[in-house]
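So this one's entry_17.csv, CSV, C-alpha atoms:
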```csv
chain,number,residue,atom,x,y,z
A,1,ALA,CA,-9.2,13.6,-3.4
A,2,GLN,CA,-6.6,11.6,-5.3
A,3,LYS,CA,-7.1,8.8,-7.8
A,4,ILE,CA,-4.6,6.4,-9.3
A,5,THR,CA,-5.2,4.5,-12.5
A,6,GLN,CA,-3.2,1.5,-13.6
A,7,THR,CA,-4.6,0.3,-17.0
A,8,GLN,CA,-2.5,-2.8,-17.4
A,9,PRO,CA,-3.9,-5.7,-15.4
A,10,GLY,CA,-1.0,-8.0,-16.6
A,11,MET,CA,2.2,-7.6,-18.5
A,12,PHE,CA,4.8,-10.1,-19.8
A,13,VAL,CA,8.4,-9.4,-20.4
A,14,GLN,CA,11.4,-11.5,-21.5
A,15,GLU,CA,14.2,-11.8,-19.0
A,16,LYS,CA,16.9,-9.1,-19.5
A,17,GLU,CA,14.5,-6.8,-21.4
A,18,ALA,CA,13.2,-3.5,-20.1
A,19,VAL,CA,9.5,-3.0,-19.2
A,20,THR,CA,7.3,0.0,-18.5
A,21,LEU,CA,4.4,-0.2,-16.1
A,22,ASP,CA,1.9,2.6,-16.6
A,23,CYS,CA,0.4,4.9,-13.9
A,24,THR,CA,-1.8,7.9,-14.3
A,25,TYR,CA,-3.1,10.0,-11.5
A,26,ASP,CA,-5.6,12.7,-10.7
A,27,THR,CA,-5.3,15.3,-7.9
A,28,SER,CA,-6.2,18.8,-7.1
A,29,ASP,CA,-3.3,19.2,-4.7
A,30,PRO,CA,-0.5,21.5,-5.9
A,31,SER,CA,2.3,19.3,-4.5
A,32,TYR,CA,2.2,15.6,-4.2
A,33,GLY,CA,4.3,12.5,-4.0
A,34,LEU,CA,4.2,9.3,-6.1
A,35,PHE,CA,5.3,5.9,-4.8
A,36,TRP,CA,5.8,2.5,-6.4
A,37,TYR,CA,5.6,-0.7,-4.4
A,38,LYS,CA,6.3,-4.4,-5.4
A,39,GLN,CA,4.2,-7.2,-3.9
A,40,PRO,CA,5.6,-10.7,-4.5
A,41,SER,CA,3.3,-13.7,-4.2
A,42,SER,CA,4.2,-14.0,-0.5
A,43,GLY,CA,2.2,-10.8,0.1
A,44,GLU,CA,4.6,-8.2,1.7
A,45,MET,CA,4.7,-4.7,0.2
A,46,ILE,CA,8.2,-3.6,-0.8
A,47,PHE,CA,8.8,0.1,-1.4
A,48,LEU,CA,10.7,0.7,-4.7
A,49,ILE,CA,10.9,4.4,-5.6
A,50,TYR,CA,9.5,7.8,-4.9
A,51,GLN,CA,8.9,10.9,-7.0
A,52,GLY,CA,8.0,14.3,-5.7
A,53,SER,CA,5.9,16.6,-8.0
A,54,TYR,CA,8.4,19.4,-7.7
A,55,ASP,CA,11.5,17.2,-8.3
A,56,GLN,CA,13.4,18.5,-11.3
A,57,GLN,CA,14.7,15.1,-12.3
A,58,ASN,CA,13.1,11.7,-12.7
A,59,ALA,CA,13.8,9.4,-9.8
A,60,THR,CA,16.1,6.4,-10.2
A,61,GLU,CA,16.9,3.5,-7.8
A,62,GLY,CA,19.1,0.8,-9.3
A,63,ARG,CA,17.2,-0.9,-12.0
A,64,TYR,CA,14.1,1.1,-11.3
A,65,SER,CA,13.4,4.5,-12.8
A,66,LEU,CA,10.4,6.7,-13.0
A,67,ASN,CA,9.2,8.4,-16.2
A,68,PHE,CA,7.5,11.3,-14.7
A,69,GLN,CA,5.4,13.5,-17.0
A,70,LYS,CA,3.7,16.1,-14.9
A,71,ALA,CA,1.6,17.7,-17.6
A,72,ARG,CA,0.2,14.3,-18.7
A,73,LYS,CA,-0.2,13.3,-15.0
A,74,SER,CA,1.7,10.1,-15.5
A,75,ALA,CA,4.4,8.4,-13.4
A,76,ASN,CA,5.4,5.2,-15.2
A,77,LEU,CA,7.8,2.8,-13.7
A,78,VAL,CA,10.6,1.5,-15.9
A,79,ILE,CA,12.4,-1.7,-14.9
A,80,SER,CA,15.6,-2.3,-16.8
A,81,ALA,CA,17.2,-5.7,-17.4
A,82,SER,CA,14.2,-7.7,-16.0
A,83,GLN,CA,15.0,-10.7,-13.8
A,84,LEU,CA,12.8,-13.7,-12.9
A,85,GLY,CA,12.6,-12.3,-9.4
A,86,ASP,CA,10.8,-9.2,-10.7
A,87,SER,CA,7.6,-11.3,-11.2
A,88,ALA,CA,5.1,-9.7,-8.9
A,89,MET,CA,2.3,-7.2,-8.5
A,90,TYR,CA,3.3,-3.6,-8.8
A,91,PHE,CA,1.3,-0.8,-7.3
A,92,CYS,CA,1.4,2.9,-7.9
A,93,ALA,CA,0.3,5.2,-5.0
A,94,MET,CA,0.2,8.9,-4.1
A,95,ARG,CA,-0.5,11.3,-1.3
A,96,ALA,CA,-0.5,15.1,-1.0
A,97,LEU,CA,2.8,16.6,0.3
A,98,ASN,CA,2.8,18.8,3.4
A,99,SER,CA,-0.2,16.8,4.5
A,100,GLY,CA,1.6,15.1,7.3
A,101,ASN,CA,1.0,11.4,7.4
A,102,THR,CA,-2.3,11.0,5.5
A,103,PRO,CA,-2.8,7.6,3.9
A,104,LEU,CA,-1.5,6.6,0.5
A,105,VAL,CA,-4.1,6.1,-2.2
A,106,PHE,CA,-3.3,3.0,-4.3
A,107,GLY,CA,-4.1,1.9,-7.9
A,108,LYS,CA,-5.3,-1.6,-8.6
A,109,GLY,CA,-1.9,-2.8,-9.6
A,110,THR,CA,-0.2,-4.5,-12.6
A,111,ARG,CA,0.9,-8.2,-12.5
A,112,LEU,CA,4.3,-8.5,-14.1
A,113,SER,CA,5.5,-11.9,-15.3
A,114,VAL,CA,9.1,-12.3,-16.4
A,115,ILE,CA,9.7,-15.1,-18.9
A,116,ALA,CA,13.0,-17.0,-19.1
B,1,ASP,CA,15.6,-4.7,13.5
B,2,GLY,CA,12.8,-2.2,13.2
B,3,GLY,CA,9.7,-3.2,11.5
B,4,ILE,CA,6.0,-4.0,11.7
B,5,THR,CA,4.7,-7.3,13.0
B,6,GLN,CA,1.3,-8.6,12.1
B,7,SER,CA,-0.2,-11.6,13.7
B,8,PRO,CA,-1.5,-14.2,13.1
B,9,LYS,CA,-0.4,-14.9,9.6
B,10,TYR,CA,-3.6,-16.9,8.9
B,11,LEU,CA,-7.0,-16.5,10.7
B,12,PHE,CA,-10.3,-18.3,10.5
B,13,ARG,CA,-13.6,-16.8,11.6
B,14,LYS,CA,-16.8,-18.5,12.3
B,15,GLU,CA,-20.2,-17.0,11.5
B,16,GLY,CA,-21.2,-14.3,14.1
B,17,GLN,CA,-17.7,-14.2,15.6
B,18,ASN,CA,-15.6,-11.1,16.1
B,19,VAL,CA,-11.8,-11.5,15.5
B,20,THR,CA,-8.9,-9.2,16.2
B,21,LEU,CA,-5.9,-8.8,14.0
B,22,SER,CA,-2.7,-7.6,15.7
B,23,CYS,CA,-0.3,-4.9,14.4
B,24,GLU,CA,2.8,-3.8,16.3
B,25,GLN,CA,5.5,-1.5,15.1
B,26,ASN,CA,8.9,-0.5,16.7
B,27,LEU,CA,9.7,2.2,14.1
B,28,ASN,CA,8.5,5.0,16.4
B,29,HIS,CA,6.1,6.1,13.7
B,30,ASP,CA,3.2,8.3,14.7
B,31,ALA,CA,0.8,7.1,12.0
B,32,MET,CA,-0.6,3.6,11.4
B,33,TYR,CA,-3.0,2.3,8.8
B,34,TRP,CA,-5.1,-0.7,7.9
B,35,TYR,CA,-5.8,-1.8,4.4
B,36,ARG,CA,-7.8,-4.6,2.9
B,37,GLN,CA,-6.8,-6.4,-0.3
B,38,ASP,CA,-9.1,-8.6,-2.3
B,39,PRO,CA,-7.8,-11.0,-5.0
B,40,GLY,CA,-6.5,-9.1,-8.0
B,41,GLN,CA,-7.4,-5.8,-6.4
B,42,GLY,CA,-5.5,-2.9,-5.0
B,43,LEU,CA,-5.4,-1.8,-1.4
B,44,ARG,CA,-8.5,-0.2,0.2
B,45,LEU,CA,-8.2,1.9,3.3
B,46,ILE,CA,-10.2,0.7,6.4
B,47,TYR,CA,-9.0,2.9,9.2
B,48,TYR,CA,-6.0,5.1,10.0
B,49,SER,CA,-4.6,6.8,13.0
B,50,GLN,CA,-2.3,9.8,13.0
B,51,ILE,CA,-1.7,9.9,16.7
B,52,VAL,CA,-2.4,7.9,19.9
B,53,ASN,CA,-6.0,7.9,21.0
B,54,ASP,CA,-7.2,9.2,17.7
B,55,PHE,CA,-8.3,7.5,14.5
B,56,GLN,CA,-10.3,8.1,11.3
B,57,LYS,CA,-12.5,6.0,9.1
B,58,GLY,CA,-11.2,5.1,5.7
B,59,ASP,CA,-13.2,4.2,2.6
B,60,ILE,CA,-14.5,0.8,3.8
B,61,ALA,CA,-14.8,1.1,7.6
B,62,GLU,CA,-18.2,-0.5,8.0
B,63,GLY,CA,-18.0,-3.8,10.0
B,64,TYR,CA,-14.5,-3.0,11.4
B,65,SER,CA,-13.3,-1.3,14.6
B,66,VAL,CA,-9.9,-0.1,15.8
B,67,SER,CA,-8.2,1.3,18.9
B,68,ARG,CA,-4.9,3.2,19.3
B,69,GLU,CA,-4.1,3.2,23.0
B,70,LYS,CA,-0.3,2.9,22.5
B,71,LYS,CA,1.9,4.4,19.8
B,72,GLU,CA,3.2,0.9,18.9
B,73,SER,CA,-0.1,-0.9,18.5
B,74,PHE,CA,-3.1,-0.6,16.2
B,75,PRO,CA,-5.3,-3.7,16.4
B,76,LEU,CA,-8.1,-4.2,14.0
B,77,THR,CA,-11.3,-6.0,15.0
B,78,VAL,CA,-13.4,-7.6,12.2
B,79,THR,CA,-16.9,-7.7,13.6
B,80,SER,CA,-19.8,-10.0,12.8
B,81,ALA,CA,-21.3,-7.0,10.9
B,82,GLN,CA,-18.7,-7.4,8.2
B,83,LYS,CA,-20.5,-9.9,6.0
B,84,ASN,CA,-17.7,-10.5,3.6
B,85,PRO,CA,-14.5,-10.5,5.6
B,86,THR,CA,-12.5,-13.0,3.6
B,87,ALA,CA,-9.4,-10.9,2.4
B,88,PHE,CA,-5.8,-10.1,2.9
B,89,TYR,CA,-5.3,-7.4,5.6
B,90,LEU,CA,-2.2,-5.2,5.6
B,91,CYS,CA,-1.1,-2.9,8.4
B,92,ALA,CA,1.3,0.0,7.7
B,93,SER,CA,3.0,2.8,9.5
B,94,SER,CA,4.7,6.0,8.4
B,95,ASP,CA,6.8,8.9,9.7
B,96,THR,CA,5.4,12.5,9.8
B,97,ASP,CA,7.1,13.6,6.6
B,98,SER,CA,4.7,13.0,3.7
B,99,ASN,CA,7.5,12.3,1.3
B,100,GLN,CA,8.4,9.2,3.2
B,101,PRO,CA,6.9,5.8,2.2
B,102,GLN,CA,4.6,3.7,4.3
B,103,HIS,CA,6.2,0.6,5.8
B,104,PHE,CA,4.1,-2.5,5.7
B,105,GLY,CA,3.7,-5.7,7.8
B,106,ASP,CA,3.6,-9.1,6.1
B,107,GLY,CA,-0.2,-9.3,6.3
B,108,THR,CA,-2.9,-11.5,7.8
B,109,ARG,CA,-5.1,-13.7,5.6
B,110,LEU,CA,-8.6,-14.0,7.0
B,111,SER,CA,-11.0,-16.7,5.9
B,112,ILE,CA,-14.5,-17.8,6.8
B,113,LEU,CA,-15.1,-21.3,8.2
```
Would you give me this structure, written as structure tokens?
Amino acid sequence: AQKITQTQPGMFVQEKEAVTLDCTYDTSDPSYGLFWYKQPSSGEMIFLIYQGSYDQQNATEGRYSLNFQKARKSANLVISASQLGDSAMYFCAMRALNSGNTPLVFGKGTRLSVIA
Amino acid sequence: DGGITQSPKYLFRKEGQNVTLSCEQNLNHDAMYWYRQDPGQGLRLIYYSQIVNDFQKGDIAEGYSVSREKKESFPLTVTSAQKNPTAFYLCASSDTDSNQPQHFGDGTRLSIL
């Protein structure tokens, strides 16, 4: 079984600053994938970034990067140069790899508010 | 454009009534999923289906039922046995590769009259 823990219910960041959203996980699977999603107030879930447990480098997608520390079982999302449109809920999720299309397991999320 | 369509966007249920939430995808994905989201909470899995005519219970299946007669469609019925159905319901689908993300619909908000 997998478990995702997001310990920050809410975060504030000044516009144009960088912010780190924490995610720790627990799993007994030897290989796994970690996913981050953004959920604006309208409700849709937007996929942001993916990190595989065997990837040698931390994933990056535009202003999003993942600070992956396998030994500490953490996969923190870093958003650089925050924009007002980044205000949303952010969810960390995971699934075992080579498991086919089993469901993602989600954390409870972090609400990010970007201040002008 | 390929995607997932959930309908209706808003739904109201009377006491003792069953209601069905629609989810249709044209992404040719084998797997489909239903999640429930309560205010300020994460997503909890209700049911999922990895192939047509087969589905499995998730963590909170009680009071819900599903069917998967077509690859494109995975409707969720909220039965009268579900005593606290007010929530935001999200449908998702995914490809067979486990390193691919789930794609989500825009959700259905269910409320009790």
Practice task
Write out as a ChimeraX atom specification every residue belonging to chain B that has an atom at most 8 Å from any atom of chain A, counting all atoms listed in the file.
Solution key: /B:31,33,40-45,48,50,94-99,101-107
Exercise for the section: Return the single residue from A:Cys23, A:Ala59, A:Ala18, A:Met11 that is closest to Ala88 in chain A, with distances computed using only C-alpha atoms. Expected result: A:Met11
Fill in the blank from the handout: Expressed in Å, the length from CA of Phe88 in chain B to CA of Leu76 in chain B is 12.8 Å
Which polymer residues, whether protein, DNA or RNA, lie within 6 Å of the coordinate (-6.7, 8.5, -6.6) when you count only C-alpha atoms? List them as a PDB file with C-alpha atoms, in the coordinates of the input, using the chain letters and numbers from the file.
```pdb
ATOM      1  CA  GLN A   2      -6.600  11.600  -5.300  1.00  0.00           C
ATOM      2  CA  LYS A   3      -7.100   8.800  -7.800  1.00  0.00           C
ATOM      3  CA  ILE A   4      -4.600   6.400  -9.300  1.00  0.00           C
ATOM      4  CA  ASP A  26      -5.600  12.700 -10.700  1.00  0.00           C
ATOM      5  CA  VAL A 105      -4.100   6.100  -2.200  1.00  0.00           C
TER       6      VAL A 105
END
```
Practice task
Quick one: pull the distance between CA of Ser28 in chain A and CA of Tyr54 in chain A, Å, one decimal.
Solution key: 14.6 Å
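Pairwise distance (CA of Pro8 in chain B, CA of Asp38 in chain B) equals 18.1 Å.
Shortest atom-to-atom contact with Leu21 in chain B among B:Lys71, B:Lys83, B:Lys57, B:Arg109: B:Arg109, counting all atoms listed in the file.
Residues with any atom within 10 Å of Gln69 in chain A, counting all atoms listed in the file and excluding same-chain neighbours fewer than 5 positions away, are Thr24, Ser53, Asn58, Ser74, Ala75 and Asn76 of chain A.
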How about saving the chosen residues, C-alpha atoms kept, as an mmCIF file, keeping the file's coordinate frame?
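Wrote part-v1.cif, looks like this:
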```
data_model
loop_
_atom_site.group_PDB
_atom_site.id
_atom_site.type_symbol
_atom_site.label_atom_id
_atom_site.label_comp_id
_atom_site.auth_asym_id
_atom_site.auth_seq_id
_atom_site.Cartn_x
_atom_site.Cartn_y
_atom_site.Cartn_z
ATOM 1 C CA THR A 24 -1.800 7.900 -14.300
ATOM 2 C CA SER A 53 5.900 16.600 -8.000
ATOM 3 C CA ASN A 58 13.100 11.700 -12.700
ATOM 4 C CA SER A 74 1.700 10.100 -15.500
ATOM 5 C CA ALA A 75 4.400 8.400 -13.400
ATOM 6 C CA ASN A 76 5.400 5.200 -15.200
#
```
Exercise for the section: List the neighbours of Tyr64 in chain B out to 9 Å using all atoms listed in the file; skip same-chain residues closer than 3 positions along the sequence, and give me the result as a ChimeraX atom specification. Expected result: /B:46-47,60-61,76-82
